[in-house]
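Enquirer: This is the content of structure.txt (compact mmCIF, C-alpha atoms and all ligand atoms):
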```txt
# COMPACT_ATOMS: atom_id res chain seq x y z
CA MET A 1 26.65 80.19 230.81
CA LEU A 2 24.78 77.24 229.29
CA GLU A 3 24.20 77.35 225.57
CA VAL A 4 22.12 74.76 223.78
CA ASP A 5 22.77 75.37 220.10
CA SER A 6 20.56 73.71 217.44
CA PHE A 7 20.20 70.53 219.49
CA THR A 8 18.51 67.73 217.54
CA LYS A 9 17.91 64.16 218.69
CA TYR A 10 16.55 61.26 216.68
CA TYR A 11 15.79 57.89 218.26
CA GLY A 12 15.88 55.83 215.05
CA GLU A 13 13.20 57.42 212.85
CA LEU A 14 11.60 59.33 215.70
CA CYS A 15 12.56 62.98 216.01
CA ALA A 16 12.42 63.66 219.78
CA VAL A 17 13.90 67.17 219.65
CA GLU A 18 14.43 69.34 216.59
CA ASP A 19 16.79 72.28 216.25
CA LEU A 20 16.37 73.53 219.81
CA SER A 21 18.41 76.57 220.86
CA PHE A 22 18.33 78.46 224.12
CA ARG A 23 20.71 80.04 226.61
CA ILE A 24 20.82 80.26 230.36
CA GLU A 25 22.69 83.11 232.02
CA GLU A 26 24.70 82.74 235.21
CA GLY A 27 22.39 82.33 238.22
CA GLU A 28 19.25 82.19 236.07
CA PHE A 29 16.34 79.79 236.69
CA VAL A 30 15.05 78.46 233.37
CA THR A 31 12.21 75.97 232.94
CA LEU A 32 11.59 73.57 230.08
CA LEU A 33 7.80 73.27 230.00
CA GLY A 34 5.72 70.98 227.83
CA PRO A 35 3.42 67.96 227.74
CA SER A 36 4.64 64.42 228.25
CA GLY A 37 6.74 63.21 225.33
CA CYS A 38 7.66 66.68 224.01
CA GLY A 39 11.40 66.12 224.49
CA LYS A 40 12.14 67.69 227.89
CA SER A 41 14.04 64.77 229.41
CA THR A 42 15.91 64.12 226.18
CA THR A 43 17.18 67.71 226.27
CA LEU A 44 18.08 67.53 229.95
CA HIS A 45 19.90 64.23 229.48
CA ALA A 46 21.81 65.59 226.52
CA ILE A 47 23.03 68.50 228.67
CA ALA A 48 24.07 66.00 231.36
CA GLY A 49 25.88 63.84 228.79
CA LEU A 50 23.51 60.88 229.13
CA VAL A 51 22.06 61.25 225.62
CA GLU A 52 24.22 61.76 222.55
CA PRO A 53 22.92 64.54 220.29
CA THR A 54 22.22 63.67 216.66
CA ASP A 55 23.15 67.25 215.85
CA GLY A 56 23.94 70.52 217.61
CA ARG A 57 26.35 71.65 220.33
CA ILE A 58 26.15 72.15 224.07
CA ARG A 59 28.43 74.69 225.75
CA LEU A 60 28.91 75.14 229.46
CA ARG A 61 30.78 78.21 230.74
CA GLY A 62 32.18 78.75 227.24
CA THR A 63 33.49 75.19 226.88
CA ASP A 64 32.03 72.85 224.28
CA VAL A 65 31.02 69.81 226.36
CA THR A 66 29.09 67.98 223.62
CA ASP A 67 31.64 65.18 223.39
CA LEU A 68 32.55 65.01 227.08
CA PRO A 69 31.34 62.10 229.25
CA PRO A 70 28.93 62.97 232.11
CA GLU A 71 31.60 62.78 234.81
CA LYS A 72 33.69 65.42 233.03
CA ARG A 73 30.80 67.91 233.18
CA ASN A 74 30.33 69.58 236.53
CA ILE A 75 26.55 69.12 236.62
CA GLY A 76 24.19 68.48 239.53
CA MET A 77 21.01 66.50 238.90
CA ALA A 78 17.92 65.74 240.96
CA PHE A 79 14.99 63.68 239.71
CA GLN A 80 11.37 62.98 240.49
CA SER A 81 12.40 59.69 242.05
CA THR A 82 15.13 60.94 244.32
CA ALA A 83 17.54 58.05 243.60
CA LEU A 84 18.94 58.19 247.15
CA PHE A 85 20.69 55.02 248.28
CA PRO A 86 18.23 53.45 250.74
CA HIS A 87 20.87 51.56 252.75
CA MET A 88 22.95 54.69 253.37
CA THR A 89 22.18 57.46 255.86
CA VAL A 90 21.43 60.95 254.64
CA ARG A 91 24.98 61.99 255.55
CA GLU A 92 26.48 59.04 253.65
CA ASN A 93 24.31 59.79 250.62
CA ILE A 94 25.59 63.36 250.42
CA ALA A 95 29.17 62.29 251.14
CA TYR A 96 29.01 59.74 248.32
CA GLY A 97 28.38 62.47 245.74
CA LEU A 98 31.25 64.55 247.11
CA LYS A 99 33.71 61.63 247.03
CA MET A 100 32.70 60.92 243.44
CA HIS A 101 33.66 64.52 242.65
CA GLY A 102 37.09 64.13 244.22
CA TYR A 103 36.62 65.97 247.53
CA SER A 104 39.09 65.10 250.31
CA ALA A 105 37.80 63.38 253.46
CA ALA A 106 38.10 66.56 255.56
CA ASP A 107 36.29 68.67 252.96
CA VAL A 108 33.59 66.04 252.61
CA GLU A 109 32.72 66.27 256.28
CA ASP A 110 32.44 70.07 256.19
CA ARG A 111 30.47 70.17 252.96
CA VAL A 112 28.00 67.53 254.18
CA GLU A 113 27.16 69.59 257.26
CA GLU A 114 26.90 72.82 255.24
CA SER A 115 24.60 71.15 252.74
CA LEU A 116 22.34 69.80 255.47
CA GLU A 117 22.12 73.31 256.94
CA LEU A 118 21.32 74.72 253.51
CA VAL A 119 18.27 72.47 253.09
CA ASP A 120 17.14 73.02 256.70
CA MET A 121 17.86 69.45 257.77
CA PRO A 122 20.85 69.71 260.13
CA ASP A 123 19.38 67.09 262.50
CA HIS A 124 18.56 64.44 259.91
CA GLY A 125 22.06 63.34 258.93
CA ASP A 126 21.78 59.93 260.60
CA HIS A 127 18.37 59.04 259.17
CA LYS A 128 17.90 56.58 256.34
CA PRO A 129 15.91 57.89 253.33
CA GLY A 130 13.04 55.50 254.14
CA GLU A 131 12.52 57.31 257.46
CA LEU A 132 11.94 60.64 255.74
CA SER A 133 8.85 62.19 254.12
CA GLY A 134 8.72 62.71 250.34
CA GLY A 135 9.51 66.40 250.74
CA GLN A 136 12.46 65.68 253.03
CA GLN A 137 13.83 63.14 250.56
CA GLN A 138 13.68 65.80 247.86
CA ARG A 139 15.62 68.15 250.09
CA VAL A 140 18.32 65.55 250.68
CA SER A 141 18.48 64.87 246.98
CA LEU A 142 18.95 68.59 246.38
CA ALA A 143 21.59 68.82 249.13
CA ARG A 144 23.49 65.99 247.48
CA SER A 145 23.37 67.72 244.08
CA LEU A 146 24.41 71.11 245.45
CA ALA A 147 27.13 69.87 247.83
CA TYR A 148 29.81 69.68 245.13
CA GLU A 149 28.99 73.13 243.75
CA PRO A 150 27.94 72.18 240.22
CA ASP A 151 28.15 74.71 237.38
CA ILE A 152 24.51 74.02 236.68
CA LEU A 153 21.71 72.23 238.49
CA LEU A 154 19.33 70.10 236.41
CA LEU A 155 15.98 69.26 238.03
CA ASP A 156 13.69 66.74 236.33
CA GLU A 157 10.11 67.00 237.66
CA PRO A 158 11.35 67.06 241.27
CA LEU A 159 7.96 68.05 242.70
CA THR A 160 5.83 65.50 240.86
CA GLY A 161 4.23 63.10 243.29
CA LEU A 162 4.09 65.59 246.15
CA ASP A 163 0.64 66.70 247.29
CA ARG A 164 -0.54 70.17 246.31
CA VAL A 165 0.17 71.96 249.58
CA LEU A 166 3.65 70.50 249.88
CA ARG A 167 4.28 71.21 246.22
CA GLU A 168 3.46 74.89 246.65
CA GLU A 169 5.62 75.08 249.75
CA MET A 170 8.52 73.36 247.96
CA ARG A 171 8.33 75.82 245.05
CA GLY A 172 9.01 78.78 247.32
CA TRP A 173 11.62 76.84 249.21
CA LEU A 174 13.45 75.74 246.06
CA ASN A 175 13.49 79.29 244.76
CA ARG A 176 14.95 80.55 248.05
CA ILE A 177 17.72 77.94 248.03
CA GLN A 178 18.45 78.60 244.37
CA ARG A 179 18.86 82.32 245.04
CA GLU A 180 20.85 81.71 248.20
CA VAL A 181 23.52 79.66 246.43
CA ASN A 182 22.95 81.50 243.14
CA VAL A 183 23.15 78.26 241.19
CA THR A 184 22.21 78.33 237.53
CA THR A 185 19.21 76.01 237.23
CA LEU A 186 17.38 74.20 234.46
CA TYR A 187 14.07 72.82 235.67
CA VAL A 188 11.91 70.39 233.70
CA THR A 189 8.17 70.10 234.23
CA HIS A 190 4.82 69.56 232.53
CA ASP A 191 3.22 71.70 235.25
CA GLN A 192 2.52 75.25 234.11
CA GLU A 193 2.12 76.52 237.67
CA ASP A 194 5.61 75.30 238.56
CA ALA A 195 6.93 77.04 235.46
CA LEU A 196 5.12 80.33 235.89
CA SER A 197 5.74 80.65 239.62
CA MET A 198 9.43 79.72 239.76
CA SER A 199 11.22 80.72 236.57
CA ASP A 200 13.08 83.72 235.19
CA THR A 201 12.61 82.31 231.70
CA VAL A 202 10.35 79.55 230.34
CA VAL A 203 11.08 77.46 227.24
CA VAL A 204 7.77 76.03 226.04
CA LEU A 205 8.29 72.82 224.05
CA ASN A 206 5.86 70.83 221.95
CA ASP A 207 6.64 67.90 219.67
CA GLY A 208 10.36 68.51 220.15
CA GLN A 209 10.17 72.12 218.99
CA ALA A 210 10.48 75.35 220.95
CA GLN A 211 7.20 77.25 220.83
CA GLN A 212 8.19 80.31 222.86
CA ILE A 213 11.15 81.34 225.00
CA ASP A 214 10.12 84.19 227.26
CA SER A 215 9.45 85.47 230.77
CA PRO A 216 6.56 83.79 232.64
CA GLU A 217 4.57 87.00 232.34
CA ARG A 218 4.91 87.18 228.58
CA ILE A 219 4.24 83.46 228.15
CA TYR A 220 0.93 83.95 229.97
CA GLU A 221 -0.07 87.41 228.72
CA SER A 222 1.33 87.29 225.19
CA PRO A 223 1.48 83.64 224.10
CA ALA A 224 3.20 83.20 220.75
CA ASN A 225 0.69 80.74 219.31
CA PRO A 226 -2.48 78.77 220.15
CA PHE A 227 -0.48 75.88 221.61
CA VAL A 228 1.14 78.13 224.23
CA ALA A 229 -2.14 79.97 224.91
CA GLU A 230 -3.94 76.68 225.56
CA PHE A 231 -1.18 74.84 227.40
CA VAL A 232 -0.26 77.67 229.76
CA GLY A 233 -3.31 78.75 231.72
CA LYS A 234 -7.04 78.47 231.20
CA SER A 235 -9.09 80.71 228.96
CA THR A 236 -12.37 81.27 227.16
CA GLN A 237 -11.90 80.75 223.45
CA PHE A 238 -13.58 82.17 220.38
CA THR A 239 -12.73 81.88 216.71
CA GLY A 240 -13.82 83.96 213.76
CA THR A 241 -12.84 86.23 210.91
CA VAL A 242 -11.77 89.84 211.35
CA THR A 243 -13.84 92.68 209.91
CA HIS A 244 -13.76 96.42 210.59
CA GLU A 245 -16.65 98.57 211.77
CA ASN A 246 -16.08 102.32 212.12
CA GLY A 247 -12.35 101.66 212.15
CA GLN A 248 -12.66 99.15 214.98
CA ALA A 249 -11.51 95.55 214.40
CA VAL A 250 -14.22 93.07 215.37
CA VAL A 251 -14.88 89.36 215.10
CA TYR A 252 -18.33 87.83 214.82
CA ASN A 253 -18.53 84.46 216.51
CA ASP A 254 -22.02 83.02 215.97
CA GLU A 255 -24.25 85.71 217.49
CA LYS A 256 -21.45 87.36 219.42
CA ARG A 257 -19.59 90.50 218.40
CA ILE A 258 -16.15 90.76 219.92
CA THR A 259 -14.08 93.93 219.67
CA LEU A 260 -10.33 93.41 219.42
CA PRO A 261 -7.57 95.35 221.16
CA ASP A 262 -5.76 96.39 218.00
CA SER A 263 -7.45 97.82 214.91
CA SER A 264 -4.41 97.47 212.68
CA ILE A 265 -5.14 93.77 212.10
CA ASP A 266 -6.17 93.03 208.50
CA ASP A 267 -9.71 92.16 207.37
CA ASP A 268 -10.60 88.55 206.53
CA GLN A 269 -7.98 87.02 208.82
CA SER A 270 -9.09 83.90 210.66
CA VAL A 271 -8.15 84.33 214.29
CA SER A 272 -8.36 82.49 217.58
CA LEU A 273 -9.26 84.67 220.55
CA TYR A 274 -8.42 83.89 224.17
CA VAL A 275 -9.61 85.64 227.31
CA ARG A 276 -8.11 84.71 230.67
CA PRO A 277 -10.61 83.96 233.47
CA GLU A 278 -9.39 86.84 235.65
CA ASP A 279 -10.15 89.27 232.84
CA ILE A 280 -13.84 88.38 232.72
CA GLU A 281 -16.19 90.34 234.92
CA VAL A 282 -19.44 88.74 236.06
CA SER A 283 -22.67 90.43 237.11
CA PRO A 284 -26.28 89.30 237.71
CA GLU A 285 -27.44 92.46 235.84
CA PRO A 286 -26.54 93.67 232.35
CA MET A 287 -23.57 96.05 232.43
CA GLY A 288 -24.32 97.60 229.04
CA ALA A 289 -20.85 97.26 227.61
CA GLU A 290 -19.10 95.90 224.54
CA ASN A 291 -17.91 92.28 224.71
CA GLU A 292 -20.77 91.43 227.06
CA PHE A 293 -22.59 88.11 226.83
CA ARG A 294 -25.41 86.46 228.65
CA GLY A 295 -24.92 83.00 230.12
CA ILE A 296 -26.10 80.42 232.60
CA ILE A 297 -23.81 79.22 235.34
CA THR A 298 -23.01 75.52 235.03
CA ASP A 299 -20.38 75.15 237.73
CA ILE A 300 -18.85 77.09 240.62
CA ALA A 301 -15.59 75.84 242.10
CA ASN A 302 -14.68 77.68 245.29
CA LEU A 303 -10.91 77.74 245.48
CA GLY A 304 -10.68 79.52 248.83
CA ASN A 305 -9.15 82.79 247.67
CA ARG A 306 -11.44 83.00 244.61
CA ALA A 307 -14.14 81.09 242.77
CA GLU A 308 -13.83 79.64 239.28
CA LEU A 309 -17.09 79.89 237.49
CA SER A 310 -18.11 78.08 234.29
CA ALA A 311 -21.01 79.37 232.24
CA THR A 312 -22.74 78.36 229.03
CA LEU A 313 -23.33 81.29 226.73
CA GLU A 314 -26.49 81.66 224.62
CA ASP A 315 -24.84 80.06 221.58
CA GLY A 316 -23.82 77.01 223.64
CA SER A 317 -20.15 77.93 224.01
CA THR A 318 -18.44 77.81 227.39
CA ALA A 319 -16.87 80.71 229.30
CA LEU A 320 -14.65 80.62 232.36
CA ALA A 321 -14.39 83.47 234.86
CA HIS A 322 -12.79 84.12 238.23
CA THR A 323 -14.83 86.00 240.78
CA THR A 324 -14.41 86.94 244.40
CA ARG A 325 -14.51 84.00 246.75
CA PHE A 326 -17.88 82.54 247.62
CA PRO A 327 -19.85 84.71 245.16
CA ASP A 328 -23.53 85.33 245.84
CA ILE A 329 -24.71 83.32 242.82
CA ASP A 330 -25.65 79.72 242.16
CA VAL A 331 -25.54 77.09 239.45
CA ASP A 332 -28.38 77.66 236.91
CA ASP A 333 -28.43 81.42 237.64
CA ASP A 334 -28.58 83.81 234.69
CA ILE A 335 -25.52 86.04 234.54
CA PHE A 336 -23.75 88.54 232.33
CA LEU A 337 -20.08 88.26 231.47
CA ARG A 338 -17.91 90.97 229.99
CA PHE A 339 -14.29 91.59 229.23
CA PRO A 340 -12.36 94.65 228.03
CA ALA A 341 -11.20 94.58 224.42
CA GLU A 342 -7.60 95.24 225.49
CA ARG A 343 -7.51 91.93 227.39
CA VAL A 344 -8.36 89.81 224.34
CA ILE A 345 -5.40 87.73 223.14
CA VAL A 346 -5.53 87.51 219.34
CA LEU A 347 -3.64 84.68 217.61
P1 LIG A 401 9.39 64.27 227.96
O1 LIG A 401 10.53 64.29 228.92
O2 LIG A 401 8.97 65.63 227.51
O3 LIG A 401 8.23 63.45 228.44
P2 LIG A 401 11.13 62.62 226.33
O4 LIG A 401 12.34 63.44 226.08
O5 LIG A 401 11.22 61.59 227.41
O6 LIG A 401 9.88 63.58 226.59
O7 LIG A 401 10.69 61.87 225.00
C1 LIG A 401 10.56 62.53 223.74
C2 LIG A 401 10.18 61.49 222.70
O8 LIG A 401 11.26 60.60 222.51
C3 LIG A 401 8.99 60.63 223.07
O9 LIG A 401 8.26 60.35 221.91
C4 LIG A 401 9.63 59.38 223.62
O10 LIG A 401 8.79 58.26 223.45
C5 LIG A 401 10.89 59.27 222.78
N1 LIG A 401 12.00 58.63 223.51
C6 LIG A 401 12.56 59.06 224.66
N2 LIG A 401 13.62 58.26 225.02
C7 LIG A 401 13.71 57.31 224.06
C8 LIG A 401 14.59 56.19 223.86
N3 LIG A 401 15.59 55.91 224.71
N4 LIG A 401 14.37 55.42 222.76
C9 LIG A 401 13.39 55.71 221.89
N5 LIG A 401 12.54 56.75 222.02
C10 LIG A 401 12.67 57.54 223.09
```
Would you mind writing the file's structure down as structure tokens?
Ligand code: ADP

Expert:
Amino acid sequence: MLEVDSFTKYYGELCAVEDLSFRIEEGEFVTLLGPSGCGKSTTLHAIAGLVEPTDGRIRLRGTDVTDLPPEKRNIGMAFQSTALFPHMTVRENIAYGLKMHGYSAADVEDRVEESLELVDMPDHGDHKPGELSGGQQQRVSLARSLAYEPDILLLDEPLTGLDRVLREEMRGWLNRIQREVNVTTLYVTHDQEDALSMSDTVVVLNDGQAQQIDSPERIYESPANPFVAEFVGKSTQFTGTVTHENGQAVVYNDEKRITLPDSSIDDDQSVSLYVRPEDIEVSPEPMGAENEFRGIITDIANLGNRAELSATLEDGSTALAHTTRFPDIDVDDDIFLRFPAERVIVL
């Protein structure tokens, strides 16, 4: 329903986005994920008609909208700063958007009330934005964007600036609303947890170029390249050159021998290896297995539902493992860490 086709944007000499193509199907929730300056907002603004592409086309519901002004595209937008009018009430803010989209006075009244119901704020219509919490302001902003039934909803870092608990709550809430109205959504964030927890599809961007377009699961479990592996989720990293022993592909990294999941990989290839923290098992005693290394615990962060444990291995490298919450071990303890060969990501 939205098709971004070879979108390129130069600001003078600077290439902000290069040859970016992706599609969003009707009702889908897609996230543009990448570090600051990678071209997310430029892409979003081009879809909204606020940035003129240097090259490429943008199609919405089969219509080429590349040369249409923003007001001729039926797009809803909500930003990090909610951009609500502070002197207007919540009701007036929502009504303003509807009037701009040509709704009649009678329809405006009905739609405002429906939108307030949708975002669970039926009793806040007479409040001014300044009287609301950050989360409530975001809800009003969303109500205003959804009230006129846009073809697509564009969300630019809407949860940035909210505290962690509220942010997690808002993720679930946003997903529920999105499914309820079945609005096609493009969400922009630098936060990998937002992306992984909310999206049907994630477009990972770096330096204006798409790195991987995939489901959250595949982005995390099968990253396309080292950038994606390192940007999306934590891991323990090793590098080395592939050799084969008894038909088994292995990598020697300093003193460590690491067996790989797939033996079909060629000899002499330089590879980067990544192991996710939840795939590393920790024990105070040796487990007598392949891919097992001795280390000393340097840090234990109790996260409530689990602990994140950092250890220095014998060669000085660092490993990161998740264990059960409040594990019975301490900083400076000797431990053994192991991971199954099939959980090693090879890039
Ligand atoms: P993101 O949203 O991922 O942080 P942006 O799309 O805002 O990235 O920016 C991409 C690149 O384009 C950055 O290098 C940024 O400095 C540059 N840029 C963005 N807007 C402009 C502009 N109006 N003029 C010149 N350069 C810009």

Enquirer: Any idea what the distance is between atom CA of Met121 of chain A and atom CA of Ala195 of chain A?

Expert: 26.0 Å

Enquirer: Taking 6 positions as the minimum chain separation for residues in the same chain, which residues sit within 8 Å of segment 236-241 of chain A when counting only C-alpha atoms? Answer as a PyMOL selection string.

Expert: chain A and resi 251-253+267-277+318-320

Enquirer: Can you write out as a Markdown table which residues of chain A fall within 9 Å of ligand LIG 401 (chain A), alongside each residue's closest atom pair and its distance in Å to one decimal, counting all atoms listed in the file and ordering rows by chain and ascending residue number?

Expert:
```
| residue | atom | partner | partner_atom | distance |
| --- | --- | --- | --- | --- |
| A:Lys9 | CA | A:LIG401 | O8 | 8.5 |
| A:Tyr10 | CA | A:LIG401 | O8 | 7.9 |
| A:Tyr11 | CA | A:LIG401 | C9 | 4.9 |
| A:Gly12 | CA | A:LIG401 | C9 | 7.3 |
| A:Leu14 | CA | A:LIG401 | N5 | 6.9 |
| A:Cys15 | CA | A:LIG401 | O8 | 7.0 |
| A:Ala16 | CA | A:LIG401 | O8 | 4.3 |
| A:Val17 | CA | A:LIG401 | C1 | 7.0 |
| A:Leu32 | CA | A:LIG401 | O2 | 8.7 |
| A:Leu33 | CA | A:LIG401 | O2 | 8.1 |
| A:Gly34 | CA | A:LIG401 | O2 | 6.3 |
| A:Pro35 | CA | A:LIG401 | O2 | 6.0 |
| A:Ser36 | CA | A:LIG401 | O3 | 3.7 |
| A:Gly37 | CA | A:LIG401 | O6 | 3.4 |
| A:Cys38 | CA | A:LIG401 | O2 | 3.9 |
| A:Gly39 | CA | A:LIG401 | O4 | 3.3 |
| A:Lys40 | CA | A:LIG401 | O2 | 3.8 |
| A:Ser41 | CA | A:LIG401 | O1 | 3.6 |
| A:Thr42 | CA | A:LIG401 | O4 | 3.6 |
| A:Thr43 | CA | A:LIG401 | O4 | 6.5 |
| A:Leu44 | CA | A:LIG401 | O4 | 8.0 |
| A:His45 | CA | A:LIG401 | O4 | 8.3 |
| A:Val51 | CA | A:LIG401 | N3 | 8.4 |
| A:Asp156 | CA | A:LIG401 | O1 | 8.4 |
| A:Val188 | CA | A:LIG401 | O1 | 7.9 |
| A:Thr189 | CA | A:LIG401 | O2 | 8.1 |
| A:His190 | CA | A:LIG401 | O2 | 7.6 |
| A:Leu205 | CA | A:LIG401 | O2 | 8.0 |
| A:Asn206 | CA | A:LIG401 | O2 | 8.2 |
| A:Asp207 | CA | A:LIG401 | C1 | 7.8 |
| A:Gly208 | CA | A:LIG401 | C1 | 7.0 |
```

Enquirer: Could you please determine the separation between atom CA of Glu290 of chain A and atom CA of Asn246 of chain A in Å, to one decimal place?

Expert: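 Computed distance, atom CA of Glu290 of chain A to atom CA of Asn246 of chain A, equals 14.3 Å.
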
Enquirer: From the options A:Thr89, A:Ser145, A:Gln178, A:Ser104, which residue's atoms come nearest to Gly27 of chain A, counting all atoms listed in the file?

Expert: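 Using all atoms listed in the file, Gly27 of chain A sits closest to A:Gln178.
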
Enquirer: Kindly indicate which residue among A:Glu25, A:Glu180, A:Glu52, A:Glu3 lies nearest to Val119 of chain A, using all atoms listed in the file for the distances.

Expert: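 When distances to Val119 of chain A are compared using all atoms listed in the file, the smallest one comes from A:Glu180.
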
Enquirer: What is the atom CA of Glu245 of chain A to atom CA of Ala311 of chain A distance in Å?

Expert: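 Answer for the atom CA of Glu245 of chain A to atom CA of Ala311 of chain A separation: 28.4 Å.
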
Enquirer: Quick one: residues within 12 Å of Gln211 of chain A, only C-alpha atoms, excluding same-chain residues fewer than 3 positions away - as a list in words?

Expert: Glu18, Asp19, Leu20, Ser21, Phe22, Leu32, Leu33, Gly34, Cys38, Val202, Val203, Val204, Leu205, Asn206, Asp207, Gly208, Asp214, Ile219, Pro223, Ala224, Asn225, Pro226, Phe227, Val228, Ala229, Phe231 and Val232 of chain A

Enquirer: Quick one: of A:Leu260, A:Phe336, A:Pro327, A:Asn93, who's nearest to Gly288 of chain A, counting all atoms listed in the file?

Expert: A:Phe336

Enquirer: From the set A:Arg171, A:Leu132, A:Ile213, A:Asp266, which residue has the shortest atom-to-atom contact distance to Leu84 of chain A, counting all atoms listed in the file?

Expert: A:Leu132

Enquirer: May I ask which of the residues A:Met170, A:Ile94, A:Ile296, A:Met287 is the closest one to Val108 of chain A, counting all atoms listed in the file?

Expert: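 When distances to Val108 of chain A are compared using all atoms listed in the file, the smallest one comes from A:Ile94.
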
Enquirer: Would you please work out which residue, of A:Ser197, A:Thr63, A:Ser222, A:Ser263, is nearest to Glu168 of chain A when using all atoms listed in the file?

Expert: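 Ranking A:Ser197, A:Thr63, A:Ser222, A:Ser263 by distance to Glu168 of chain A, first place goes to A:Ser197.
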
Enquirer: I want to know what sits within 7 Å of Pro70 of chain A, based on all atoms listed in the file, with residues of the same chain fewer than 6 positions away left out; could you give that as a list in words?

Expert: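 Once the nearby chain positions are removed, what remains is Ala48, Gly49 and Leu50 of chain A.
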
Enquirer: With C-alpha atoms retained, write the just-selected residues as a PDB file, keeping the file's coordinate frame.

Expert:
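Saved the output as part.pdb:
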```pdb
ATOM      1  CA  ALA A  48      24.070  66.000 231.360  1.00  0.00           C
ATOM      2  CA  GLY A  49      25.880  63.840 228.790  1.00  0.00           C
ATOM      3  CA  LEU A  50      23.510  60.880 229.130  1.00  0.00           C
TER       4      LEU A  50
END
```

Enquirer: Which residues come within 7 Å of Phe339 of chain A, counting only C-alpha atoms, excluding same-chain residues fewer than 2 positions away, as a VMD selection string?

Expert: chain A and resid 279 to 281 291 to 292 341

Enquirer: Skipping near chain neighbours, those fewer than 2 positions away, what residues fall within 10 Å of Glu109 of chain A using all atoms listed in the file, listed as a list in words?

Expert: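 In the requested format, the answer is Arg91, Glu92, Ile94, Ala95, Leu98, Tyr103, Ser104, Ala105, Ala106, Asp107, Arg111, Val112, Glu113 and Glu114 of chain A.
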
Enquirer: Find the residues with any atom within 8 Å of (-26.6, 77.6, 240.5); use all atoms listed in the file and the coordinates as given in the file, and write the answer as a compact mmCIF listing (two decimals) with C-alpha atoms, keeping the file's coordinate frame.

Expert:
```txt
# COMPACT_ATOMS: atom_id res chain seq x y z
CA ILE A 297 -23.81 79.22 235.34
CA THR A 298 -23.01 75.52 235.03
CA ASP A 299 -20.38 75.15 237.73
CA ILE A 300 -18.85 77.09 240.62
CA ILE A 329 -24.71 83.32 242.82
CA ASP A 330 -25.65 79.72 242.16
CA VAL A 331 -25.54 77.09 239.45
CA ASP A 332 -28.38 77.66 236.91
CA ASP A 333 -28.43 81.42 237.64
```
